[in-house]
Structures are given as structure tokens and as C-alpha cells.
Amino acid sequence: MSTTPEGTDRWKALDFAPPAADAPEPESSVLVEYQHDDQIAVITLNRPHADNAITTEMGARLTEIVETIAVRTAVRVVVLTGAGERAFSVGSDLRQRRSMTKEDWLRQRQAFDRTLYTVRQLRKPLFAAVNGIAYGGGCELAQSCDFIIASENATFGQPEAMLGLSAGGGSPVFLPRLLGPGRALQMLMTGDPISAAEAHRLGMVNEVHDQDDLAAAAARIAEKIARNSPTAVQAVKRAVQLGEGQPVEQAIAIMMEAHWRSAVHPDRIEGIGAFNEGRDPVFRDADY
């Protein structure tokens, strides 16, 4: 890194800067659209002029939307993405944080913790379609989803240490599980981002698509999940979440509880009946 009286190249690798102070804000910072007979909810982070940087108000709006989806029984799968062509989200809006008091900062941190917790605890399947830059809290938001697909131009990074912070939105927990401890620590300590191709190679990203094809790919995955039994899908999600890190027999006990719930559910009768009759099953909305 070189520094001159005119400035520094420290931030060049991150490929973003604070939004212009006079940039107009959209009417809603987070959008939600219900598709496929309301079975699919597409949530879009909607501040493209600011690379979808997350303000306090935007975090609260995202929490509200996810909480609404949680009790909307028709919704079977959720897709989270970002507006525009440049970014999924670059994390917290640093221009807003610049003038915060210590109390303001801590209150925002509590609000963001609630947002991430709400995303992680959603019983319905929720995956991220990362369409560009995913840094800091944006990267952690994607990691809080069940899985990630990405466009070829996507990049993932945790630059908090460059800003004097220890990452606090989940990456010190999730990245070692996704990438291995060494690679995770390198990302967290250097702030260097990784490409979508590298994230895919390391297992952080499930699929990589051309940017123009990402939305269609997300729709295909969402529709396939939505056609399955929502009760079974939610049960297996809980089995994976609660069993992770447990001793084998404990994890199997958790798995079997989920399995027996599905075994006595009407969806099991419908699914097997549809298979034997050569027709599409008609599964009812999840009731737990």
C-alpha cells in the first residue's frame, strides 16, 4: 500500500465508496414481491445508488418483511437479492455511521443483530442470489441464508478490520465452517475479497451464473423447492440447523424427530400417492 498527500490506495481493492450525500433515496429501501401463487417471496435490497448499503431504517424494514413472511403460510421459499448491477450489499452505510454517537452505534448494532437473527431463524427456506459486491454485513447477510448462488461478477469480503472493527454479523462463526479456519482468518484479517469463482471452489457458493441469468436461476431453484412439501422442507432445514456440531447420535435423534413428524403428516400420503398415480402432488401449506 502506498500513501501520498493526495490520498491512499488502501480502499481501491474494495471497489466502492460512500454514496453521494445528495443522492435521492428510493421510496422503499427493501422491496418484496410475491410470485408463483404467492409461494415464492423475492426480497430485494433497494438502495442501488449506495451499493445497497444498509441504514438503520433499511435494517428495520428488512426485519419487518422477514417477520411478515414468517407468518404468511402461503410462502414456501424466499429469495434475497440486491437491486442494480453492481452490488448485493456492501454492508452498513458508513456515511450514516460517520456522525453516530456511541449510543446511536450500539442501538443500530442491536437492530442489525435482530435482523440477522430473524433471517437465521426463519423456518422457511431462504437463499441469497448475490448479484455483485457482498462486503461486510452484506456478506454476513448472505451467509445467514441457507445457501448462496452468485453471478460471475460477485465478490465476497469482510473489510471490517480495515475499518478498525472486528466483524460482528456472523462471519467469524460461519466463514470457518464454509472455508476452513485458515482461509476464513485470512479474509477476516486482511480484508481482501474473493471472487465468485473462488467462493464456489471453496464451497461458500453453490452455483455461479452469468449476471443476466442469475434471476432466472434463482427462480428455477425457488420453484423447485416450492413444488415440494413445505412441511418436509422446513423439517429437514431444522434437522440440519439443530444437528450441526452435535455428537452423531444427538444429531441423528434430531433428524429422526423431524422425520417422524413428516411420516405422520398428510403430505407423506399425498406424495406417495401422487408418485404411484403418475401425477403432480398437491401439498398443503406447512402447519408448524
# chains A, B, ... in the order shown; residues from 1 in each chain; ligands from 1
$ residues_around --residues "region 118-127 of chain A" --least-positions-apart "5" --cutoff "6 Å" --atoms "only C-alpha atoms" --output "list of chain:residue names"
A:Val77, A:Val78, A:Val79, A:Ser144, A:Cys145, A:Asp146, A:Phe147, A:Ile148, A:Gln234
$ closest_atom_pairs --of "region 94-131 of chain A" --to "region 159-178 of chain A" --cutoff "9 Å" --atoms "only C-alpha atoms" --output "Markdown table"
| residue | atom | partner | partner_atom | distance |
| --- | --- | --- | --- | --- |
| A:Arg109 | CA | A:Gly168 | CA | 8.9 |
| A:Phe112 | CA | A:Gly169 | CA | 8.1 |
| A:Asp113 | CA | A:Gly169 | CA | 7.1 |
| A:Leu116 | CA | A:Gly169 | CA | 7.3 |
$ write_last_selection --atoms "N, CA, C and O atoms" --output "PDB file, in the first residue's frame"
ATOM      1  N   ARG A 109     -26.490  -1.471  16.228  1.00  0.00           N
ATOM      2  CA  ARG A 109     -25.948  -2.820  16.313  1.00  0.00           C
ATOM      3  C   ARG A 109     -26.999  -3.792  16.833  1.00  0.00           C
ATOM      4  O   ARG A 109     -27.139  -4.911  16.336  1.00  0.00           O
ATOM      5  N   PHE A 112     -29.480  -4.398  13.999  1.00  0.00           N
ATOM      6  CA  PHE A 112     -28.928  -5.286  12.980  1.00  0.00           C
ATOM      7  C   PHE A 112     -28.836  -6.727  13.492  1.00  0.00           C
ATOM      8  O   PHE A 112     -29.045  -7.671  12.728  1.00  0.00           O
ATOM      9  N   ASP A 113     -28.521  -6.893  14.777  1.00  0.00           N
ATOM     10  CA  ASP A 113     -28.493  -8.238  15.362  1.00  0.00           C
ATOM     11  C   ASP A 113     -29.861  -8.887  15.241  1.00  0.00           C
ATOM     12  O   ASP A 113     -29.977 -10.081  14.935  1.00  0.00           O
ATOM     13  N   LEU A 116     -30.426 -10.015  11.525  1.00  0.00           N
ATOM     14  CA  LEU A 116     -29.715 -11.242  11.178  1.00  0.00           C
ATOM     15  C   LEU A 116     -30.295 -12.445  11.904  1.00  0.00           C
ATOM     16  O   LEU A 116     -30.400 -13.536  11.323  1.00  0.00           O
TER      17      LEU A 116
END
$ select_by_dssp --residues "region 5-132 of chain A" --states "strand (DSSP E or B)" --output "ChimeraX atom specification"
/A:7-8,30-35,40-45,54,77-82,87-89,92,126-130
$ write_last_selection --atoms "N, CA, C and O atoms" --output "compact mmCIF listing (two decimals), in the first residue's frame"
# COMPACT_ATOMS: atom_id res chain seq x y z
N GLY A 7 -3.84 11.21 -0.99
CA GLY A 7 -4.76 10.15 -0.60
C GLY A 7 -4.06 8.81 -0.47
O GLY A 7 -2.85 8.74 -0.30
N THR A 8 -4.83 7.75 -0.56
CA THR A 8 -4.32 6.41 -0.34
C THR A 8 -4.97 5.45 -1.33
O THR A 8 -6.07 5.70 -1.81
N VAL A 30 -36.27 -1.57 0.95
CA VAL A 30 -36.36 -3.01 0.76
C VAL A 30 -37.70 -3.31 0.10
O VAL A 30 -38.74 -2.85 0.57
N LEU A 31 -37.66 -4.09 -0.97
CA LEU A 31 -38.87 -4.45 -1.70
C LEU A 31 -39.17 -5.92 -1.50
O LEU A 31 -38.26 -6.73 -1.29
N VAL A 32 -40.44 -6.29 -1.59
CA VAL A 32 -40.82 -7.70 -1.56
C VAL A 32 -41.87 -7.93 -2.63
O VAL A 32 -42.81 -7.14 -2.77
N GLU A 33 -41.69 -8.99 -3.38
CA GLU A 33 -42.64 -9.37 -4.43
C GLU A 33 -43.00 -10.83 -4.25
O GLU A 33 -42.12 -11.68 -4.07
N TYR A 34 -44.29 -11.11 -4.29
CA TYR A 34 -44.77 -12.48 -4.14
C TYR A 34 -45.10 -13.05 -5.51
O TYR A 34 -45.83 -12.44 -6.29
N GLN A 35 -44.54 -14.21 -5.79
CA GLN A 35 -44.67 -14.82 -7.11
C GLN A 35 -45.16 -16.26 -6.98
O GLN A 35 -45.21 -16.81 -5.89
N ILE A 40 -43.57 -17.98 -3.57
CA ILE A 40 -42.20 -17.50 -3.59
C ILE A 40 -42.18 -16.02 -3.24
O ILE A 40 -42.90 -15.23 -3.86
N ALA A 41 -41.38 -15.65 -2.26
CA ALA A 41 -41.19 -14.24 -1.90
C ALA A 41 -39.78 -13.82 -2.33
O ALA A 41 -38.80 -14.47 -1.95
N VAL A 42 -39.70 -12.78 -3.15
CA VAL A 42 -38.41 -12.25 -3.58
C VAL A 42 -38.19 -10.93 -2.85
O VAL A 42 -38.93 -9.96 -3.06
N ILE A 43 -37.19 -10.90 -2.00
CA ILE A 43 -36.83 -9.69 -1.24
C ILE A 43 -35.65 -9.03 -1.94
O ILE A 43 -34.64 -9.68 -2.21
N THR A 44 -35.78 -7.73 -2.21
CA THR A 44 -34.71 -7.00 -2.90
C THR A 44 -34.23 -5.83 -2.05
O THR A 44 -35.01 -4.95 -1.69
N LEU A 45 -32.95 -5.83 -1.72
CA LEU A 45 -32.32 -4.68 -1.07
C LEU A 45 -32.26 -3.57 -2.10
O LEU A 45 -31.69 -3.73 -3.18
N ILE A 54 -26.62 -0.71 4.02
CA ILE A 54 -27.75 -0.89 4.92
C ILE A 54 -27.76 0.20 5.99
O ILE A 54 -26.84 0.30 6.81
N VAL A 77 -40.85 -20.44 -0.02
CA VAL A 77 -39.42 -20.23 -0.21
C VAL A 77 -39.17 -18.75 -0.42
O VAL A 77 -40.02 -18.03 -0.97
N VAL A 78 -38.00 -18.28 0.01
CA VAL A 78 -37.66 -16.86 -0.06
C VAL A 78 -36.33 -16.70 -0.77
O VAL A 78 -35.37 -17.44 -0.51
N VAL A 79 -36.26 -15.73 -1.68
CA VAL A 79 -35.02 -15.37 -2.38
C VAL A 79 -34.64 -13.96 -1.96
O VAL A 79 -35.46 -13.06 -1.97
N LEU A 80 -33.39 -13.77 -1.57
CA LEU A 80 -32.88 -12.46 -1.16
C LEU A 80 -31.83 -12.01 -2.16
O LEU A 80 -30.86 -12.73 -2.43
N THR A 81 -32.01 -10.81 -2.72
CA THR A 81 -31.06 -10.30 -3.71
C THR A 81 -30.92 -8.79 -3.57
O THR A 81 -31.52 -8.18 -2.67
N GLY A 82 -30.12 -8.18 -4.44
CA GLY A 82 -29.90 -6.74 -4.39
C GLY A 82 -30.32 -6.08 -5.70
O GLY A 82 -30.25 -6.70 -6.76
N ALA A 87 -24.09 -4.40 -6.94
CA ALA A 87 -23.93 -4.88 -5.56
C ALA A 87 -25.13 -5.63 -5.05
O ALA A 87 -26.28 -5.27 -5.32
N PHE A 88 -24.84 -6.66 -4.27
CA PHE A 88 -25.83 -7.29 -3.39
C PHE A 88 -26.00 -6.36 -2.18
O PHE A 88 -27.07 -5.85 -1.91
N SER A 89 -24.93 -6.13 -1.45
CA SER A 89 -24.88 -5.12 -0.39
C SER A 89 -23.45 -4.99 0.10
O SER A 89 -22.74 -6.00 0.26
N SER A 92 -23.09 -2.17 6.22
CA SER A 92 -23.60 -0.98 6.88
C SER A 92 -23.22 0.28 6.12
O SER A 92 -22.11 0.38 5.58
N LEU A 126 -34.63 -20.02 2.75
CA LEU A 126 -34.28 -18.68 2.28
C LEU A 126 -32.85 -18.74 1.72
O LEU A 126 -31.94 -19.14 2.43
N PHE A 127 -32.70 -18.39 0.45
CA PHE A 127 -31.35 -18.39 -0.11
C PHE A 127 -31.04 -17.05 -0.75
O PHE A 127 -31.94 -16.29 -1.13
N ALA A 128 -29.75 -16.75 -0.84
CA ALA A 128 -29.28 -15.48 -1.38
C ALA A 128 -28.87 -15.65 -2.84
O ALA A 128 -28.18 -16.61 -3.18
N ALA A 129 -29.31 -14.73 -3.68
CA ALA A 129 -28.85 -14.63 -5.06
C ALA A 129 -27.96 -13.39 -5.13
O ALA A 129 -28.46 -12.27 -5.28
N VAL A 130 -26.66 -13.58 -4.98
CA VAL A 130 -25.72 -12.46 -4.85
C VAL A 130 -25.31 -11.98 -6.23
O VAL A 130 -24.65 -12.70 -6.98
$ select_by_dssp --residues "region 111-229 of chain A" --states "alpha helix (DSSP H)" --output "PyMOL selection string"
chain A and resi 111-121+137-143+171-179+181-190+196-202+214-227
$ residues_around --residues "Thr63 (chain A)" --least-positions-apart "4" --cutoff "7 Å" --atoms "only C-alpha atoms" --output "PyMOL selection string"
chain A and resi 59+67+115+118
$ write_last_selection --atoms "N, CA, C and O atoms" --output "mmCIF file, in the first residue's frame"
data_model
loop_
_atom_site.group_PDB
_atom_site.id
_atom_site.type_symbol
_atom_site.label_atom_id
_atom_site.label_comp_id
_atom_site.auth_asym_id
_atom_site.auth_seq_id
_atom_site.Cartn_x
_atom_site.Cartn_y
_atom_site.Cartn_z
ATOM 1 N N GLY A 59 -32.458 -1.759 7.705
ATOM 2 C CA GLY A 59 -32.409 -2.978 8.501
ATOM 3 C C GLY A 59 -33.742 -3.265 9.166
ATOM 4 O O GLY A 59 -34.205 -4.416 9.198
ATOM 5 N N GLU A 67 -40.259 -10.986 9.119
ATOM 6 C CA GLU A 67 -41.229 -11.380 10.147
ATOM 7 C C GLU A 67 -42.619 -11.575 9.550
ATOM 8 O O GLU A 67 -43.365 -12.474 9.968
ATOM 9 N N THR A 115 -32.111 -8.213 12.971
ATOM 10 C CA THR A 115 -32.341 -8.530 11.563
ATOM 11 C C THR A 115 -31.695 -9.857 11.196
ATOM 12 O O THR A 115 -32.334 -10.741 10.603
ATOM 13 N N THR A 118 -33.413 -12.789 12.824
ATOM 14 C CA THR A 118 -34.698 -13.071 12.182
ATOM 15 C C THR A 118 -34.500 -13.843 10.890
ATOM 16 O O THR A 118 -35.244 -14.784 10.590
#
$ residues_around --residues "Asp287 (chain A)" --least-positions-apart "5" --cutoff "12 Å" --atoms "only C-alpha atoms" --output "list of chain:residue names"
A:Ala70, A:Val71, A:Arg72, A:Thr73, A:Ala74, A:Val75, A:Arg76, A:Arg123, A:Lys124, A:Ser229, A:Pro230, A:Thr231, A:Ala232, A:Gln234, A:Ala235, A:Arg261, A:Ser262, A:His265, A:Pro266, A:Asp267
$ write_last_selection --atoms "N, CA, C and O atoms" --output "short mmCIF file (atom, residue, chain, number, x, y, z; two decimals), in the first residue's frame"
data_model
loop_
_atom_site.label_atom_id
_atom_site.label_comp_id
_atom_site.auth_asym_id
_atom_site.auth_seq_id
_atom_site.Cartn_x
_atom_site.Cartn_y
_atom_site.Cartn_z
N ALA A 70 -42.65 -14.85 7.70
CA ALA A 70 -42.62 -15.98 8.63
C ALA A 70 -44.02 -16.47 8.97
O ALA A 70 -44.22 -17.68 9.21
N VAL A 71 -45.00 -15.57 9.01
CA VAL A 71 -46.36 -15.96 9.39
C VAL A 71 -47.31 -15.99 8.20
O VAL A 71 -48.51 -16.22 8.36
N ARG A 72 -46.77 -15.76 7.02
CA ARG A 72 -47.59 -15.84 5.80
C ARG A 72 -47.50 -17.28 5.28
O ARG A 72 -46.55 -17.65 4.59
N THR A 73 -48.50 -18.08 5.59
CA THR A 73 -48.38 -19.52 5.39
C THR A 73 -48.25 -19.92 3.92
O THR A 73 -47.69 -20.98 3.62
N ALA A 74 -48.73 -19.10 3.00
CA ALA A 74 -48.64 -19.46 1.58
C ALA A 74 -47.20 -19.45 1.07
O ALA A 74 -46.88 -20.15 0.11
N VAL A 75 -46.32 -18.67 1.70
CA VAL A 75 -44.94 -18.55 1.23
C VAL A 75 -44.17 -19.82 1.59
O VAL A 75 -44.13 -20.24 2.74
N ARG A 76 -43.53 -20.43 0.58
CA ARG A 76 -42.81 -21.67 0.78
C ARG A 76 -41.30 -21.51 0.63
O ARG A 76 -40.54 -22.37 1.09
N ARG A 123 -38.14 -20.33 9.53
CA ARG A 123 -38.34 -21.76 9.28
C ARG A 123 -38.37 -22.07 7.78
O ARG A 123 -37.96 -23.15 7.37
N LYS A 124 -38.85 -21.14 6.99
CA LYS A 124 -38.95 -21.36 5.56
C LYS A 124 -37.56 -21.30 4.93
O LYS A 124 -36.69 -20.59 5.41
N SER A 229 -42.99 -30.64 -0.59
CA SER A 229 -43.77 -30.46 0.63
C SER A 229 -43.13 -29.40 1.51
O SER A 229 -41.99 -29.57 1.97
N PRO A 230 -43.83 -28.29 1.78
CA PRO A 230 -43.22 -27.27 2.64
C PRO A 230 -42.99 -27.78 4.06
O PRO A 230 -42.04 -27.37 4.72
N THR A 231 -43.82 -28.68 4.52
CA THR A 231 -43.62 -29.26 5.84
C THR A 231 -42.33 -30.07 5.88
O THR A 231 -41.53 -29.95 6.82
N ALA A 232 -42.11 -30.89 4.86
CA ALA A 232 -40.89 -31.70 4.81
C ALA A 232 -39.65 -30.82 4.63
O ALA A 232 -38.61 -31.06 5.27
N GLN A 234 -39.22 -27.67 5.55
CA GLN A 234 -38.92 -26.96 6.79
C GLN A 234 -38.38 -27.91 7.85
O GLN A 234 -37.49 -27.55 8.63
N ALA A 235 -38.89 -29.14 7.87
CA ALA A 235 -38.41 -30.12 8.85
C ALA A 235 -36.95 -30.47 8.62
O ALA A 235 -36.15 -30.54 9.56
N ARG A 261 -42.13 -36.56 12.28
CA ARG A 261 -43.15 -35.52 12.05
C ARG A 261 -43.66 -35.59 10.61
O ARG A 261 -44.86 -35.47 10.36
N SER A 262 -42.74 -35.78 9.67
CA SER A 262 -43.16 -35.84 8.27
C SER A 262 -43.86 -37.16 7.96
O SER A 262 -44.77 -37.22 7.13
N HIS A 265 -47.52 -36.98 8.64
CA HIS A 265 -48.17 -35.80 8.06
C HIS A 265 -48.91 -36.19 6.78
O HIS A 265 -48.48 -37.09 6.05
N PRO A 266 -50.04 -35.52 6.47
CA PRO A 266 -50.77 -35.83 5.24
C PRO A 266 -49.94 -35.69 3.97
O PRO A 266 -50.25 -36.33 2.95
N ASP A 267 -48.91 -34.85 3.99
CA ASP A 267 -48.08 -34.69 2.79
C ASP A 267 -47.40 -36.00 2.39
O ASP A 267 -47.14 -36.22 1.21
#
$ residues_around --residues "Pro24 (chain A)" --least-positions-apart "6" --cutoff "12 Å" --atoms "only C-alpha atoms" --output "PyMOL selection string"
chain A and resi 47-50
$ atom_distance --atom1 "CA of Gly157 (chain A)" --atom2 "CA of Val205 (chain A)"
13.2 Å
$ residues_around --residues "region 200-202 of chain A" --least-positions-apart "5" --cutoff "10 Å" --atoms "only C-alpha atoms" --output "list in words"
Ile148, Ile149, Ala150, Leu178, Leu179, Gly180, Arg183, Ile194, Ser195, Glu207 and Val208 of chain A
$ write_last_selection --atoms "C-alpha atoms" --output "PDB file, in the first residue's frame"
ATOM      1  CA  ILE A 148     -25.850 -18.818  -1.813  1.00  0.00           C
ATOM      2  CA  ILE A 149     -25.868 -18.669  -5.591  1.00  0.00           C
ATOM      3  CA  ALA A 150     -23.982 -15.874  -7.303  1.00  0.00           C
ATOM      4  CA  LEU A 178     -17.638 -22.673   4.954  1.00  0.00           C
ATOM      5  CA  LEU A 179     -13.985 -22.123   4.028  1.00  0.00           C
ATOM      6  CA  GLY A 180     -11.935 -23.694   6.796  1.00  0.00           C
ATOM      7  CA  ARG A 183      -8.851 -19.244   4.742  1.00  0.00           C
ATOM      8  CA  ILE A 194     -12.583 -13.277  -3.001  1.00  0.00           C
ATOM      9  CA  SER A 195     -14.246 -13.775  -6.372  1.00  0.00           C
ATOM     10  CA  GLU A 207     -23.671 -22.108  -8.213  1.00  0.00           C
ATOM     11  CA  VAL A 208     -22.206 -19.330 -10.377  1.00  0.00           C
TER      12      VAL A 208
END
$ closest_residue --among "A:Ala258, A:Lys224, A:Ser151, A:Asp9" --to "Lys237 (chain A)" --atoms "only C-alpha atoms"
A:Ala258
$ closest_residue --among "A:Val282, A:Met187, A:Ile133, A:Leu62" --to "Leu14 (chain A)" --atoms "only C-alpha atoms"
A:Ile133
$ decode --residues "region 242-255 of chain A" --atoms "all heavy atoms" --output "PDB file, in the first residue's frame"
ATOM      1  N   LEU A 242     -30.216 -27.664  13.639  1.00  0.00           N
ATOM      2  CA  LEU A 242     -30.078 -28.064  15.036  1.00  0.00           C
ATOM      3  C   LEU A 242     -29.071 -29.183  15.228  1.00  0.00           C
ATOM      4  O   LEU A 242     -28.486 -29.331  16.304  1.00  0.00           O
ATOM      5  CB  LEU A 242     -31.446 -28.490  15.584  1.00  0.00           C
ATOM      6  CG  LEU A 242     -32.512 -27.408  15.622  1.00  0.00           C
ATOM      7  CD1 LEU A 242     -33.831 -27.976  16.135  1.00  0.00           C
ATOM      8  CD2 LEU A 242     -32.082 -26.227  16.470  1.00  0.00           C
ATOM      9  N   GLY A 243     -28.843 -29.985  14.183  1.00  0.00           N
ATOM     10  CA  GLY A 243     -27.908 -31.095  14.299  1.00  0.00           C
ATOM     11  C   GLY A 243     -26.463 -30.725  14.059  1.00  0.00           C
ATOM     12  O   GLY A 243     -25.553 -31.458  14.455  1.00  0.00           O
ATOM     13  N   GLU A 244     -26.234 -29.557  13.425  1.00  0.00           N
ATOM     14  CA  GLU A 244     -24.864 -29.165  13.093  1.00  0.00           C
ATOM     15  C   GLU A 244     -24.027 -28.994  14.358  1.00  0.00           C
ATOM     16  O   GLU A 244     -24.417 -28.298  15.298  1.00  0.00           O
ATOM     17  CB  GLU A 244     -24.860 -27.868  12.295  1.00  0.00           C
ATOM     18  CG  GLU A 244     -23.484 -27.465  11.811  1.00  0.00           C
ATOM     19  CD  GLU A 244     -23.526 -26.220  10.933  1.00  0.00           C
ATOM     20  OE1 GLU A 244     -24.560 -25.544  10.891  1.00  0.00           O
ATOM     21  OE2 GLU A 244     -22.499 -25.917  10.291  1.00  0.00           O
ATOM     22  N   GLY A 245     -22.882 -29.651  14.387  1.00  0.00           N
ATOM     23  CA  GLY A 245     -21.972 -29.528  15.508  1.00  0.00           C
ATOM     24  C   GLY A 245     -22.299 -30.424  16.687  1.00  0.00           C
ATOM     25  O   GLY A 245     -21.543 -30.457  17.669  1.00  0.00           O
ATOM     26  N   GLN A 246     -23.411 -31.153  16.621  1.00  0.00           N
ATOM     27  CA  GLN A 246     -23.794 -32.043  17.708  1.00  0.00           C
ATOM     28  C   GLN A 246     -23.088 -33.401  17.567  1.00  0.00           C
ATOM     29  O   GLN A 246     -22.693 -33.787  16.471  1.00  0.00           O
ATOM     30  CB  GLN A 246     -25.310 -32.265  17.698  1.00  0.00           C
ATOM     31  CG  GLN A 246     -26.131 -31.020  17.920  1.00  0.00           C
ATOM     32  CD  GLN A 246     -25.949 -30.450  19.316  1.00  0.00           C
ATOM     33  OE1 GLN A 246     -25.733 -31.192  20.278  1.00  0.00           O
ATOM     34  NE2 GLN A 246     -26.017 -29.131  19.432  1.00  0.00           N
ATOM     35  N   PRO A 247     -22.927 -34.128  18.660  1.00  0.00           N
ATOM     36  CA  PRO A 247     -22.455 -35.510  18.541  1.00  0.00           C
ATOM     37  C   PRO A 247     -23.363 -36.298  17.600  1.00  0.00           C
ATOM     38  O   PRO A 247     -24.555 -35.990  17.476  1.00  0.00           O
ATOM     39  CB  PRO A 247     -22.550 -36.035  19.979  1.00  0.00           C
ATOM     40  CG  PRO A 247     -22.496 -34.809  20.831  1.00  0.00           C
ATOM     41  CD  PRO A 247     -23.177 -33.730  20.046  1.00  0.00           C
ATOM     42  N   VAL A 248     -22.815 -37.308  16.957  1.00  0.00           N
ATOM     43  CA  VAL A 248     -23.548 -38.014  15.895  1.00  0.00           C
ATOM     44  C   VAL A 248     -24.900 -38.526  16.378  1.00  0.00           C
ATOM     45  O   VAL A 248     -25.929 -38.306  15.717  1.00  0.00           O
ATOM     46  CB  VAL A 248     -22.691 -39.183  15.354  1.00  0.00           C
ATOM     47  CG1 VAL A 248     -23.530 -40.066  14.433  1.00  0.00           C
ATOM     48  CG2 VAL A 248     -21.490 -38.647  14.584  1.00  0.00           C
ATOM     49  N   GLU A 249     -24.951 -39.197  17.507  1.00  0.00           N
ATOM     50  CA  GLU A 249     -26.218 -39.773  17.954  1.00  0.00           C
ATOM     51  C   GLU A 249     -27.234 -38.687  18.305  1.00  0.00           C
ATOM     52  O   GLU A 249     -28.440 -38.862  18.102  1.00  0.00           O
ATOM     53  CB  GLU A 249     -25.998 -40.721  19.134  1.00  0.00           C
ATOM     54  CG  GLU A 249     -25.245 -41.990  18.760  1.00  0.00           C
ATOM     55  CD  GLU A 249     -25.927 -42.769  17.631  1.00  0.00           C
ATOM     56  OE1 GLU A 249     -27.171 -42.803  17.585  1.00  0.00           O
ATOM     57  OE2 GLU A 249     -25.201 -43.315  16.779  1.00  0.00           O
ATOM     58  N   GLN A 250     -26.757 -37.556  18.829  1.00  0.00           N
ATOM     59  CA  GLN A 250     -27.659 -36.445  19.112  1.00  0.00           C
ATOM     60  C   GLN A 250     -28.213 -35.868  17.816  1.00  0.00           C
ATOM     61  O   GLN A 250     -29.405 -35.572  17.709  1.00  0.00           O
ATOM     62  CB  GLN A 250     -26.936 -35.360  19.908  1.00  0.00           C
ATOM     63  CG  GLN A 250     -27.787 -34.132  20.236  1.00  0.00           C
ATOM     64  CD  GLN A 250     -28.922 -34.439  21.192  1.00  0.00           C
ATOM     65  OE1 GLN A 250     -28.833 -35.386  21.975  1.00  0.00           O
ATOM     66  NE2 GLN A 250     -29.986 -33.661  21.134  1.00  0.00           N
ATOM     67  N   ALA A 251     -27.346 -35.716  16.822  1.00  0.00           N
ATOM     68  CA  ALA A 251     -27.791 -35.206  15.518  1.00  0.00           C
ATOM     69  C   ALA A 251     -28.791 -36.164  14.873  1.00  0.00           C
ATOM     70  O   ALA A 251     -29.767 -35.732  14.247  1.00  0.00           O
ATOM     71  CB  ALA A 251     -26.585 -34.993  14.606  1.00  0.00           C
ATOM     72  N   ILE A 252     -28.562 -37.474  15.017  1.00  0.00           N
ATOM     73  CA  ILE A 252     -29.497 -38.450  14.469  1.00  0.00           C
ATOM     74  C   ILE A 252     -30.841 -38.376  15.189  1.00  0.00           C
ATOM     75  O   ILE A 252     -31.908 -38.478  14.567  1.00  0.00           O
ATOM     76  CB  ILE A 252     -28.899 -39.865  14.545  1.00  0.00           C
ATOM     77  CG1 ILE A 252     -27.769 -40.003  13.520  1.00  0.00           C
ATOM     78  CG2 ILE A 252     -29.967 -40.932  14.305  1.00  0.00           C
ATOM     79  CD1 ILE A 252     -27.018 -41.312  13.567  1.00  0.00           C
ATOM     80  N   ALA A 253     -30.828 -38.168  16.495  1.00  0.00           N
ATOM     81  CA  ALA A 253     -32.078 -38.030  17.239  1.00  0.00           C
ATOM     82  C   ALA A 253     -32.872 -36.819  16.753  1.00  0.00           C
ATOM     83  O   ALA A 253     -34.103 -36.886  16.597  1.00  0.00           O
ATOM     84  CB  ALA A 253     -31.782 -37.909  18.738  1.00  0.00           C
ATOM     85  N   ILE A 254     -32.177 -35.725  16.498  1.00  0.00           N
ATOM     86  CA  ILE A 254     -32.835 -34.528  15.960  1.00  0.00           C
ATOM     87  C   ILE A 254     -33.406 -34.831  14.579  1.00  0.00           C
ATOM     88  O   ILE A 254     -34.539 -34.459  14.258  1.00  0.00           O
ATOM     89  CB  ILE A 254     -31.833 -33.359  15.903  1.00  0.00           C
ATOM     90  CG1 ILE A 254     -31.451 -32.930  17.322  1.00  0.00           C
ATOM     91  CG2 ILE A 254     -32.411 -32.190  15.108  1.00  0.00           C
ATOM     92  CD1 ILE A 254     -30.265 -31.988  17.375  1.00  0.00           C
ATOM     93  N   MET A 255     -32.622 -35.505  13.751  1.00  0.00           N
ATOM     94  CA  MET A 255     -33.076 -35.884  12.412  1.00  0.00           C
ATOM     95  C   MET A 255     -34.327 -36.757  12.477  1.00  0.00           C
ATOM     96  O   MET A 255     -35.292 -36.554  11.735  1.00  0.00           O
ATOM     97  CB  MET A 255     -31.968 -36.629  11.685  1.00  0.00           C
ATOM     98  CG  MET A 255     -32.364 -37.184  10.329  1.00  0.00           C
ATOM     99  SD  MET A 255     -31.184 -38.423   9.716  1.00  0.00           S
ATOM    100  CE  MET A 255     -31.591 -39.825  10.788  1.00  0.00           C
TER     101      MET A 255
END
